file run_22.cif (mmCIF, C-alpha atoms)
data_my_file
#
loop_
_atom_site.label_atom_id
_atom_site.label_comp_id
_atom_site.auth_asym_id
_atom_site.auth_seq_id
_atom_site.Cartn_x
_atom_site.Cartn_y
_atom_site.Cartn_z
CA MET M 9 -9.46 152.30 34.47
CA ASN M 10 -11.89 154.59 32.67
CA ALA M 11 -14.46 156.05 35.08
CA ASP M 12 -17.02 156.34 32.29
CA ARG M 13 -16.95 152.60 31.71
CA ILE M 14 -17.65 151.48 35.28
CA PRO M 15 -21.42 151.04 35.81
CA ASP M 16 -22.87 153.37 38.42
CA ILE M 17 -24.34 150.41 40.31
CA ILE M 18 -20.83 149.06 40.95
CA ILE M 19 -19.61 152.45 42.19
CA GLY M 20 -22.61 152.45 44.53
CA ARG M 21 -21.48 149.20 46.15
CA LEU M 22 -17.86 150.27 46.77
CA PRO M 23 -18.67 152.56 49.76
CA ILE M 24 -20.56 149.63 51.32
CA TYR M 25 -17.54 147.34 50.93
CA LEU M 26 -15.30 150.09 52.29
CA ARG M 27 -17.52 150.61 55.34
CA ALA M 28 -17.56 146.89 56.14
CA LEU M 29 -13.79 146.62 55.66
CA GLN M 30 -13.19 149.58 57.96
CA ARG M 31 -15.29 147.88 60.63
CA MET M 32 -13.26 144.68 60.19
CA ALA M 33 -10.02 146.68 60.53
CA ASP M 34 -11.39 148.36 63.69
CA ARG M 35 -11.97 144.88 65.10
CA GLY M 36 -8.32 144.03 64.41
CA LEU M 37 -8.82 141.71 61.41
CA VAL M 38 -6.00 141.63 58.86
CA THR M 39 -7.28 139.57 55.93
CA THR M 40 -10.71 138.68 54.60
CA SER M 41 -12.31 136.77 51.72
CA SER M 42 -15.02 137.78 49.27
CA GLN M 43 -17.11 135.12 51.02
CA GLU M 44 -16.69 136.72 54.46
CA LEU M 45 -17.12 140.27 53.16
CA GLY M 46 -20.23 139.09 51.32
CA GLU M 47 -21.77 137.77 54.52
CA HIS M 48 -21.24 141.18 56.14
CA VAL M 49 -22.80 143.21 53.36
CA GLY M 50 -25.40 140.77 52.01
CA ILE M 51 -23.89 140.62 48.52
CA SER M 52 -22.63 137.42 46.83
CA ALA M 53 -18.91 136.61 46.93
CA ALA M 54 -18.89 136.33 43.11
CA GLN M 55 -20.40 139.80 42.73
CA ILE M 56 -17.84 141.30 45.12
CA ARG M 57 -14.91 139.68 43.26
CA LYS M 58 -16.31 140.91 39.95
CA ASP M 59 -16.86 144.46 41.25
CA ILE M 60 -13.41 144.78 42.77
CA SER M 61 -11.63 143.21 39.78
CA GLN M 62 -12.90 146.12 37.64
CA PHE M 63 -10.20 148.22 39.27
CA GLY M 64 -7.26 145.81 39.39
CA GLU M 65 -6.01 142.62 41.01
CA PHE M 66 -6.32 143.44 44.71
CA GLY M 67 -6.79 139.92 46.08
CA LYS M 68 -4.90 136.65 45.86
CA GLN M 69 -6.44 133.28 45.02
CA GLY M 70 -6.48 131.26 48.23
CA THR M 71 -5.34 134.00 50.63
CA GLY M 72 -8.06 136.56 49.87
CA TYR M 73 -7.75 140.29 50.48
CA ALA M 74 -5.37 142.16 52.78
CA ILE M 75 -7.90 144.42 54.52
CA SER M 76 -5.73 147.52 54.94
CA PHE M 77 -4.54 147.32 51.31
CA LEU M 78 -8.09 146.95 49.98
CA ILE M 79 -9.25 149.86 52.18
CA GLU M 80 -6.43 152.00 50.78
CA LYS M 81 -7.33 151.06 47.19
CA LEU M 82 -11.06 151.68 47.68
CA ARG M 83 -10.36 155.04 49.30
CA GLU M 84 -8.18 155.94 46.32
CA ILE M 85 -10.83 154.83 43.82
CA LEU M 86 -13.60 156.71 45.64
CA LYS M 87 -11.27 159.70 46.15
CA VAL M 88 -11.81 159.71 49.90
CA ASN M 89 -8.09 159.31 50.65
CA ARG M 90 -8.38 163.04 51.43
CA ILE M 91 -10.86 165.19 53.37
CA TRP M 92 -13.56 166.97 51.34
CA ASP M 93 -15.02 170.22 52.65
CA VAL M 94 -18.82 170.16 52.76
CA ALA M 95 -21.36 173.00 53.03
CA LEU M 96 -24.57 172.32 54.98
CA ILE M 97 -27.63 174.31 53.94
CA GLY M 98 -30.54 174.20 56.37
CA ALA M 99 -30.09 174.43 60.14
CA GLY M 100 -33.29 172.60 61.10
CA ASP M 101 -33.63 169.20 62.79
CA VAL M 102 -31.83 167.22 60.09
CA GLY M 103 -29.18 169.94 59.75
CA HIS M 104 -28.60 169.76 63.51
CA ALA M 105 -28.17 165.99 63.37
CA LEU M 106 -25.69 166.27 60.48
CA ALA M 107 -23.71 169.12 62.07
CA ARG M 108 -23.24 167.01 65.20
CA TYR M 109 -22.58 163.72 63.37
CA GLN M 110 -19.16 162.33 64.27
CA GLY M 111 -18.94 159.80 61.45
CA PHE M 112 -17.87 162.03 58.55
CA ALA M 113 -14.23 162.80 59.33
CA ASN M 114 -12.89 159.26 59.16
CA ARG M 115 -14.81 158.66 55.94
CA GLY M 116 -13.47 161.59 53.94
CA PHE M 117 -15.67 164.59 54.79
CA ARG M 118 -15.95 167.55 57.11
CA ILE M 119 -18.60 170.23 57.29
CA VAL M 120 -17.00 173.68 56.99
CA GLN M 121 -19.95 176.03 56.45
CA VAL M 122 -23.59 176.08 57.62
CA PHE M 123 -26.27 178.27 56.03
CA ASP M 124 -29.92 179.05 56.70
CA SER M 125 -32.45 181.60 55.43
CA ASP M 126 -34.11 182.07 58.83
CA ARG M 127 -32.95 185.41 60.28
CA SER M 128 -33.43 184.05 63.82
CA LYS M 129 -30.87 181.30 63.08
CA VAL M 130 -28.27 183.35 61.18
CA GLY M 131 -25.39 184.23 63.51
CA GLN M 132 -26.33 181.48 65.98
CA GLN M 133 -24.07 178.54 66.79
CA LEU M 134 -24.89 175.10 65.39
CA GLY M 135 -22.42 172.69 66.95
CA ASP M 136 -19.02 174.16 66.03
CA PHE M 137 -20.42 176.41 63.30
CA THR M 138 -21.86 179.90 63.08
CA VAL M 139 -24.92 179.80 60.84
CA GLU M 140 -24.46 182.09 57.83
CA ASP M 141 -27.09 183.84 55.73
CA VAL M 142 -28.07 181.77 52.70
CA ALA M 143 -28.26 185.04 50.73
CA HIS M 144 -24.46 184.90 50.40
CA LEU M 145 -24.37 181.17 49.64
CA ASP M 146 -22.88 181.17 46.14
CA GLU M 147 -20.09 183.68 46.88
CA ARG M 148 -19.20 182.02 50.18
CA ILE M 149 -18.89 178.48 48.84
CA ARG M 150 -17.00 179.71 45.78
CA ALA M 151 -14.58 181.66 47.99
CA ALA M 152 -14.03 178.58 50.15
CA GLY M 153 -13.68 176.26 47.16
CA VAL M 154 -16.34 173.91 48.52
CA LYS M 155 -17.50 171.34 45.96
CA ILE M 156 -19.96 169.25 48.02
CA ALA M 157 -23.18 170.34 49.73
CA MET M 158 -25.82 168.74 51.91
CA LEU M 159 -29.25 170.26 51.42
CA THR M 160 -31.74 170.03 54.30
CA VAL M 161 -34.08 172.91 53.45
CA PRO M 162 -37.86 172.55 52.90
CA ALA M 163 -38.99 171.20 49.50
CA THR M 164 -40.35 174.62 48.52
CA ALA M 165 -36.90 176.23 48.86
CA ALA M 166 -34.74 173.38 47.58
CA GLN M 167 -34.61 174.17 43.84
CA GLU M 168 -33.71 177.83 44.42
CA VAL M 169 -30.93 176.85 46.82
CA ALA M 170 -29.71 174.19 44.38
CA ASP M 171 -29.47 176.85 41.64
CA SER M 172 -27.39 178.97 44.00
CA LEU M 173 -25.14 176.00 44.82
CA VAL M 174 -24.55 175.36 41.12
CA ARG M 175 -23.66 179.04 40.60
CA GLY M 176 -21.19 178.74 43.48
CA GLY M 177 -19.41 175.81 41.83
CA ILE M 178 -20.86 172.85 43.76
CA ARG M 179 -20.33 169.51 41.99
CA ALA M 180 -22.17 167.09 44.30
CA ILE M 181 -25.36 167.55 46.34
CA LEU M 182 -26.74 165.23 49.00
CA ASN M 183 -30.39 166.27 48.96
CA TYR M 184 -32.62 165.64 51.99
CA ALA M 185 -35.46 167.81 50.62
CA PRO M 186 -38.29 165.57 49.35
CA ILE M 187 -38.09 166.87 45.77
CA SER M 188 -36.12 165.97 42.64
CA LEU M 189 -33.65 168.72 41.71
CA ASN M 190 -32.98 170.10 38.24
CA VAL M 191 -29.24 170.62 37.93
CA PRO M 192 -26.73 170.47 35.06
CA LYS M 193 -25.51 166.99 34.11
CA SER M 194 -22.09 167.80 35.53
CA VAL M 195 -23.57 168.10 39.05
CA HIS M 196 -24.20 164.85 40.91
CA VAL M 197 -27.18 164.46 43.23
CA GLN M 198 -27.96 161.75 45.76
CA TYR M 199 -31.32 161.66 47.52
CA ILE M 200 -32.15 160.83 51.12
CA ASP M 201 -35.87 160.81 51.83
CA PRO M 202 -37.13 158.43 54.50
CA ALA M 203 -40.69 158.26 53.14
CA THR M 204 -39.40 157.29 49.68
CA HIS M 205 -37.20 154.60 51.20
CA LEU M 206 -40.11 153.26 53.26
CA GLN M 207 -42.42 153.20 50.21
CA ARG M 208 -39.86 151.09 48.39
CA MET M 209 -40.34 148.38 51.01
CA THR M 210 -44.13 148.46 51.55
CA PHE M 211 -44.55 147.12 48.00
CA TYR M 212 -43.19 143.82 49.26
CA LEU M 213 -45.24 143.59 52.48
CA MET B 27 -49.21 141.55 38.17
CA ASN B 28 -46.76 139.25 39.90
CA ALA B 29 -44.62 141.17 42.40
CA ASP B 30 -41.78 138.68 42.00
CA ARG B 31 -41.47 139.51 38.34
CA ILE B 32 -41.10 143.29 38.67
CA PRO B 33 -37.42 144.27 38.92
CA ASP B 34 -36.52 145.96 42.20
CA ILE B 35 -35.05 148.91 40.31
CA ILE B 36 -38.48 149.71 38.85
CA ILE B 37 -40.12 149.49 42.28
CA GLY B 38 -37.47 151.91 43.50
CA ARG B 39 -38.51 154.52 40.94
CA LEU B 40 -42.25 154.40 41.71
CA PRO B 41 -42.00 156.38 45.00
CA ILE B 42 -40.09 159.07 43.08
CA TYR B 43 -42.83 159.31 40.44
CA LEU B 44 -45.46 159.35 43.20
CA ARG B 45 -43.69 162.16 45.06
CA ALA B 46 -43.42 164.30 41.91
CA LEU B 47 -47.07 163.63 40.99
CA GLN B 48 -48.20 164.61 44.50
CA ARG B 49 -46.30 167.88 44.15
CA MET B 50 -47.97 168.50 40.78
CA ALA B 51 -51.38 167.80 42.34
CA ASP B 52 -50.57 170.20 45.21
CA ARG B 53 -49.89 172.86 42.58
CA GLY B 54 -53.32 172.25 41.07
CA LEU B 55 -52.24 170.37 37.93
CA VAL B 56 -54.73 167.81 36.57
CA THR B 57 -52.91 165.97 33.77
CA THR B 58 -49.29 165.35 32.88
CA SER B 59 -47.19 163.53 30.30
CA SER B 60 -44.30 161.12 30.69
CA GLN B 61 -42.22 163.91 29.14
CA GLU B 62 -43.19 166.46 31.79
CA LEU B 63 -42.92 163.97 34.66
CA GLY B 64 -39.52 162.96 33.29
CA GLU B 65 -38.29 166.55 33.42
CA HIS B 66 -39.30 166.73 37.09
CA VAL B 67 -37.58 163.53 38.16
CA GLY B 68 -34.63 163.41 35.74
CA ILE B 69 -35.68 160.11 34.15
CA SER B 70 -36.43 159.64 30.44
CA ALA B 71 -40.06 159.70 29.25
CA ALA B 72 -39.58 156.29 27.60
CA GLN B 73 -38.34 154.77 30.88
CA ILE B 74 -41.29 156.22 32.80
CA ARG B 75 -43.81 154.86 30.27
CA LYS B 76 -42.13 151.45 30.37
CA ASP B 77 -42.03 151.37 34.20
CA ILE B 78 -45.67 152.36 34.62
CA SER B 79 -46.93 150.02 31.88
CA GLN B 80 -45.66 147.07 33.95
CA PHE B 81 -48.70 147.57 36.14
CA GLY B 82 -51.42 148.36 33.60
CA GLU B 83 -52.59 150.92 31.08
CA PHE B 84 -52.80 154.07 33.20
CA GLY B 85 -52.22 156.69 30.50
CA LYS B 86 -53.78 157.56 27.16
CA GLN B 87 -51.85 158.16 23.94
CA GLY B 88 -52.04 161.88 23.23
CA THR B 89 -53.69 162.98 26.49
CA GLY B 90 -51.14 161.54 28.91
CA TYR B 91 -51.85 160.69 32.54
CA ALA B 92 -54.64 161.94 34.79
CA ILE B 93 -52.55 162.90 37.83
CA SER B 94 -55.02 161.96 40.58
CA PHE B 95 -55.73 158.59 38.93
CA LEU B 96 -52.04 157.78 38.55
CA ILE B 97 -51.40 158.84 42.17
CA GLU B 98 -54.19 156.50 43.29
CA LYS B 99 -52.79 153.62 41.26
CA LEU B 100 -49.21 154.13 42.46
CA ARG B 101 -50.39 154.33 46.07
CA GLU B 102 -52.26 151.05 45.56
CA ILE B 103 -49.22 149.37 43.97
CA LEU B 104 -46.86 150.59 46.71
CA LYS B 105 -49.50 149.76 49.36
CA VAL B 106 -49.43 153.28 50.78
CA ASN B 107 -53.16 153.82 50.22
CA ARG B 108 -53.29 153.17 53.98
CA ILE B 109 -51.28 154.36 56.98
CA TRP B 110 -48.51 152.05 58.25
CA ASP B 111 -47.50 152.17 61.91
CA VAL B 112 -43.75 152.63 62.37
CA ALA B 113 -41.52 152.05 65.41
CA LEU B 114 -38.54 154.36 65.89
CA ILE B 115 -35.56 152.93 67.74
CA GLY B 116 -32.99 155.46 68.87
CA ALA B 117 -33.92 158.82 70.39
CA GLY B 118 -30.71 160.66 69.46
CA ASP B 119 -30.30 163.50 66.96
CA VAL B 120 -31.57 161.60 63.93
CA GLY B 121 -34.38 160.06 65.98
CA HIS B 122 -35.40 163.55 67.09
CA ALA B 123 -35.49 164.78 63.51
CA LEU B 124 -37.60 161.79 62.41
CA ALA B 125 -40.01 162.04 65.37
CA ARG B 126 -40.69 165.67 64.48
CA TYR B 127 -40.81 165.15 60.71
CA GLN B 128 -44.21 166.20 59.32
CA GLY B 129 -43.87 164.53 55.93
CA PHE B 130 -44.72 160.92 56.80
CA ALA B 131 -48.49 161.03 57.34
CA ASN B 132 -49.48 162.08 53.83
CA ARG B 133 -47.13 159.49 52.37
CA GLY B 134 -48.47 156.45 54.19
CA PHE B 135 -46.64 156.31 57.54
CA ARG B 136 -46.91 157.39 61.14
CA ILE B 137 -44.55 156.76 64.04
CA VAL B 138 -46.40 155.07 66.92
CA GLN B 139 -43.61 153.96 69.27
CA VAL B 140 -40.16 155.33 70.19
CA PHE B 141 -37.51 153.28 71.99
CA ASP B 142 -34.06 153.93 73.41
CA SER B 143 -31.62 152.03 75.62
CA ASP B 144 -30.44 155.13 77.50
CA ARG B 145 -32.06 155.14 80.95
CA SER B 146 -31.92 158.93 81.02
CA LYS B 147 -34.11 159.08 77.89
CA VAL B 148 -36.62 156.33 78.76
CA GLY B 149 -39.82 157.91 80.06
CA GLN B 150 -38.98 161.30 78.52
CA GLN B 151 -41.08 162.93 75.81
CA LEU B 152 -39.78 162.99 72.24
CA GLY B 153 -42.21 165.11 70.26
CA ASP B 154 -45.59 163.42 70.84
CA PHE B 155 -44.05 160.20 72.13
CA THR B 156 -42.91 158.82 75.46
CA VAL B 157 -39.58 157.05 74.96
CA GLU B 158 -39.84 153.37 75.93
CA ASP B 159 -37.13 151.00 77.11
CA VAL B 160 -35.59 149.05 74.25
CA ALA B 161 -35.45 146.03 76.58
CA HIS B 162 -39.15 145.47 75.85
CA LEU B 163 -38.83 146.12 72.12
CA ASP B 164 -39.86 142.76 70.68
CA GLU B 165 -42.93 142.29 72.91
CA ARG B 166 -44.08 145.88 72.44
CA ILE B 167 -43.91 145.92 68.65
CA ARG B 168 -45.49 142.48 68.44
CA ALA B 169 -48.32 143.58 70.73
CA ALA B 170 -48.87 146.69 68.61
CA GLY B 171 -48.66 144.74 65.34
CA VAL B 172 -46.00 147.10 64.00
CA LYS B 173 -44.31 145.80 60.83
CA ILE B 174 -41.97 148.68 59.96
CA ALA B 175 -39.09 150.13 62.00
CA MET B 176 -36.60 152.97 61.63
CA LEU B 177 -33.28 152.25 63.29
CA THR B 178 -31.17 155.22 64.43
CA VAL B 179 -28.99 153.56 67.08
CA PRO B 180 -25.15 153.51 67.02
CA ALA B 181 -23.50 150.96 64.70
CA THR B 182 -22.32 148.91 67.67
CA ALA B 183 -25.91 148.32 68.85
CA ALA B 184 -27.64 148.00 65.48
CA GLN B 185 -27.38 144.24 64.86
CA GLU B 186 -28.65 143.35 68.32
CA VAL B 187 -31.62 145.69 67.93
CA ALA B 188 -32.29 144.31 64.45
CA ASP B 189 -32.41 140.77 65.89
CA SER B 190 -34.93 141.98 68.44
CA LEU B 191 -37.01 143.66 65.70
CA VAL B 192 -37.07 140.42 63.71
CA ARG B 193 -38.21 138.50 66.81
CA GLY B 194 -40.98 141.06 67.24
CA GLY B 195 -42.29 140.47 63.72
CA ILE B 196 -40.84 143.47 61.88
CA ARG B 197 -40.85 143.03 58.09
CA ALA B 198 -39.12 146.23 56.93
CA ILE B 199 -36.26 148.22 58.48
CA LEU B 200 -35.03 151.66 57.46
CA ASN B 201 -31.50 151.55 58.87
CA TYR B 202 -29.62 154.78 59.66
CA ALA B 203 -26.84 152.95 61.52
CA PRO B 204 -23.68 152.85 59.35
CA ILE B 205 -23.54 149.04 59.24
CA SER B 206 -25.02 146.31 57.03
CA LEU B 207 -27.58 144.22 58.94
CA ASN B 208 -27.91 140.44 58.88
CA VAL B 209 -31.63 139.65 58.77
CA PRO B 210 -33.73 136.82 57.27
CA LYS B 211 -34.53 137.14 53.56
CA SER B 212 -38.17 137.86 54.40
CA VAL B 213 -37.17 141.13 56.12
CA HIS B 214 -36.49 144.11 53.86
CA VAL B 215 -33.81 146.65 54.73
CA GLN B 216 -33.12 150.05 53.22
CA TYR B 217 -30.02 152.00 54.20
CA ILE B 218 -29.57 155.72 54.83
CA ASP B 219 -25.98 156.70 55.55
CA PRO B 220 -24.88 160.16 54.47
CA ALA B 221 -21.17 159.28 54.26
CA THR B 222 -21.91 156.33 51.96
CA HIS B 223 -24.06 158.54 49.73
CA LEU B 224 -21.32 161.18 49.61
CA GLN B 225 -18.65 158.59 48.75
CA ARG B 226 -20.78 157.47 45.83
CA MET B 227 -20.40 160.94 44.34
CA THR B 228 -16.74 161.74 45.06
CA PHE B 229 -15.74 158.99 42.62
CA TYR B 230 -16.97 161.27 39.82
CA LEU B 231 -15.34 164.50 41.04
#
call {"tool": "encode", "arguments": {"input": "run_22.cif", "output": "structure tokens"}}
result
Amino acid sequence: MNADRIPDIIIGRLPIYLRALQRMADRGLVTTSSQELGEHVGISAAQIRKDISQFGEFGKQGTGYAISFLIEKLREILKVNRIWDVALIGAGDVGHALARYQGFANRGFRIVQVFDSDRSKVGQQLGDFTVEDVAHLDERIRAAGVKIAMLTVPATAAQEVADSLVRGGIRAILNYAPISLNVPKSVHVQYIDPATHLQRMTFYL
Amino acid sequence: MNADRIPDIIIGRLPIYLRALQRMADRGLVTTSSQELGEHVGISAAQIRKDISQFGEFGKQGTGYAISFLIEKLREILKVNRIWDVALIGAGDVGHALARYQGFANRGFRIVQVFDSDRSKVGQQLGDFTVEDVAHLDERIRAAGVKIAMLTVPATAAQEVADSLVRGGIRAILNYAPISLNVPKSVHVQYIDPATHLQRMTFYL
């Protein structure tokens, strides 16, 4: 498998398959079919078979997929068969929600550092974390070897913080600030912005 | 323009162009080019020109785009040249963050109702809203004519709430619960799940 040759849109569907498979496993199911998985995720059985076959022969004609085996393979492919340390920048409302979110650990992530620029927040507790001063962001994440960050600062501060993250060696940013970030091509960015997601749907109403 | 003929991927980029243009307007800029807009959003100038030309001739060769005119046109196309009422279901951490978020109003949305199933939350204030009992969800949203909902309930409750939203006449759901929803084809769903977004990036690390 050559990562460069797999279309990004396929990679984007794998975490959705993985999430549905993990829910099936939680419910005690052992095997599934592309048909059944497709009903759970709203994607055609043919598309699922095609996507998964990019990475190898993980299912058997007639018997379908062994759920735990396919979970293991997808976690390997997505590199979440380990726990990634994540830095959280921004201790506001969204930062609070993320710091308290219980769903990361069993999906490959744990927050290890929380930063904010607000002097009244620095030194305070946010969930299990002591909020650190964003002024030391790049040294601190470099020292900790953190490669992934979640950015929940205001739009006006986001680019400056992103520059600091890049200097500190961050390779992937989940950006909640409602602004597109300029980062080197080697740094991956995913965007979460509820208004943008809503506007994508109003077109069809 | 026939909405059925515009690929969904193009529709998905329009809110990103709109957001960048609104930031340019806020900074006092009057005109822009597909080149400049492209640098802001990380999309090629050629792609931007192609996307926008699907809807009409909004720019001029040589002089580029008048920002306020293009904003107006994109808001018309995305149907956010009005304010949509939104119901929020789930008054937990994410619900709190959304209820307090100031960025919806100038992008076409306002929360008008907040629901939760937790008896200790029903009747309490969440920002400007009194939390209502989710038991009355379908009648209440139908009575209010609300067509858009944001779902921030636990995964185990999400499908049941989605069914209730559909019964109440909801046409678009922004789903924060980490589960794929089964809804009729006429109902649009967008997903926000930080772990899924992170897993999309770890593949490349």
call {"tool": "residues_around", "arguments": {"input": "run_22.cif", "residues": "stretch 85-100 of chain M", "least_positions_apart": "2", "cutoff": "6 Å", "atoms": "only C-alpha atoms", "output": "ChimeraX atom specification"}}
result
/M:82-83,102-104,116-124,154,156-161 /B:228-229
call {"tool": "closest_residue", "arguments": {"input": "run_22.cif", "among": "M:Ile187, M:Gly64, M:His48, M:Val195", "to": "B:Met50", "atoms": "all atoms listed in the file"}}
result
M:Ile187
call {"tool": "resolve_selection", "arguments": {"input": "run_22.cif", "expression": "the PyMOL selection byres ((chain B) within 7 of (chain M))", "output": "PyMOL selection string"}}
result
chain B and resi 37-38+41-42+66-67+103-105+119-120+123+130+133+198+200+206+214+216+218+221-229
call {"tool": "atom_distance", "arguments": {"input": "run_22.cif", "atom1": "atom CA of M:Asp59", "atom2": "atom CA of M:Leu45"}}
result
12.6 Å
call {"tool": "residues_around", "arguments": {"input": "run_22.cif", "residues": "stretch 34-39 of chain M", "least_positions_apart": "5", "cutoff": "12 Å", "atoms": "only C-alpha atoms", "output": "PyMOL selection string"}}
result
(chain M and resi 27-29+44-45+66-68+70-79+114) or (chain B and resi 182)
call {"tool": "atom_distance", "arguments": {"input": "run_22.cif", "atom1": "atom CA of B:Glu83", "atom2": "atom CA of B:Ala51"}}
result
20.3 Å
call {"tool": "atom_distance", "arguments": {"input": "run_22.cif", "atom1": "atom CA of M:Ser42", "atom2": "atom CA of M:Gln69"}}
result
10.6 Å
call {"tool": "resolve_selection", "arguments": {"input": "run_22.cif", "expression": "the PyMOL selection byres ((chain B and resi 164) around 12)", "output": "PyMOL selection string"}}
result
chain B and resi 113+115+139+141+158-163+165-173+175+186-196
call {"tool": "axis_aligned_box", "arguments": {"input": "run_22.cif", "around": "stretch 90-103 of chain B", "padding_each_side": "6 Å", "output": "AutoDock Vina command-line options"}}
result
--center_x -52.5 --center_y 156.1 --center_z 37.5 --size_x 18.5 --size_y 25.5 --size_z 29.2
call {"tool": "build_atoms", "arguments": {"input": "run_22.cif", "residues": "stretch 171-177 of chain M", "atoms": "all heavy atoms", "output": "mmCIF file, in the frame of the given file"}}
result
data_model
loop_
_atom_site.group_PDB
_atom_site.id
_atom_site.type_symbol
_atom_site.label_atom_id
_atom_site.label_comp_id
_atom_site.auth_asym_id
_atom_site.auth_seq_id
_atom_site.Cartn_x
_atom_site.Cartn_y
_atom_site.Cartn_z
ATOM 1 N N ASP M 171 -29.954 175.948 42.701
ATOM 2 C CA ASP M 171 -29.470 176.850 41.640
ATOM 3 C C ASP M 171 -28.301 177.691 42.149
ATOM 4 O O ASP M 171 -27.307 177.901 41.453
ATOM 5 C CB ASP M 171 -30.602 177.779 41.168
ATOM 6 C CG ASP M 171 -31.723 177.021 40.464
ATOM 7 O OD1 ASP M 171 -31.496 175.861 40.058
ATOM 8 O OD2 ASP M 171 -32.830 177.584 40.353
ATOM 9 N N SER M 172 -28.431 178.166 43.379
ATOM 10 C CA SER M 172 -27.390 178.970 44.000
ATOM 11 C C SER M 172 -26.115 178.147 44.210
ATOM 12 O O SER M 172 -24.995 178.628 43.989
ATOM 13 C CB SER M 172 -27.939 179.518 45.316
ATOM 14 O OG SER M 172 -27.035 180.394 45.904
ATOM 15 N N LEU M 173 -26.290 176.895 44.635
ATOM 16 C CA LEU M 173 -25.140 176.000 44.820
ATOM 17 C C LEU M 173 -24.408 175.789 43.506
ATOM 18 O O LEU M 173 -23.171 175.810 43.452
ATOM 19 C CB LEU M 173 -25.615 174.640 45.374
ATOM 20 C CG LEU M 173 -26.120 174.633 46.814
ATOM 21 C CD1 LEU M 173 -26.762 173.283 47.152
ATOM 22 C CD2 LEU M 173 -24.982 174.922 47.790
ATOM 23 N N VAL M 174 -25.166 175.581 42.439
ATOM 24 C CA VAL M 174 -24.550 175.360 41.120
ATOM 25 C C VAL M 174 -23.775 176.605 40.706
ATOM 26 O O VAL M 174 -22.636 176.505 40.237
ATOM 27 C CB VAL M 174 -25.641 174.993 40.087
ATOM 28 C CG1 VAL M 174 -25.065 174.990 38.671
ATOM 29 C CG2 VAL M 174 -26.255 173.624 40.418
ATOM 30 N N ARG M 175 -24.364 177.789 40.918
ATOM 31 C CA ARG M 175 -23.660 179.040 40.600
ATOM 32 C C ARG M 175 -22.365 179.156 41.398
ATOM 33 O O ARG M 175 -21.382 179.707 40.935
ATOM 34 C CB ARG M 175 -24.533 180.263 40.912
ATOM 35 C CG ARG M 175 -25.576 180.593 39.861
ATOM 36 C CD ARG M 175 -26.131 182.005 40.043
ATOM 37 N NE ARG M 175 -26.687 182.266 41.362
ATOM 38 C CZ ARG M 175 -27.918 181.929 41.736
ATOM 39 N NH1 ARG M 175 -28.741 181.347 40.888
ATOM 40 N NH2 ARG M 175 -28.347 182.181 42.957
ATOM 41 N N GLY M 176 -22.366 178.642 42.617
ATOM 42 C CA GLY M 176 -21.190 178.740 43.480
ATOM 43 C C GLY M 176 -20.133 177.685 43.181
ATOM 44 O O GLY M 176 -19.093 177.660 43.836
ATOM 45 N N GLY M 177 -20.419 176.780 42.229
ATOM 46 C CA GLY M 177 -19.410 175.810 41.830
ATOM 47 C C GLY M 177 -19.528 174.439 42.468
ATOM 48 O O GLY M 177 -18.608 173.616 42.365
#
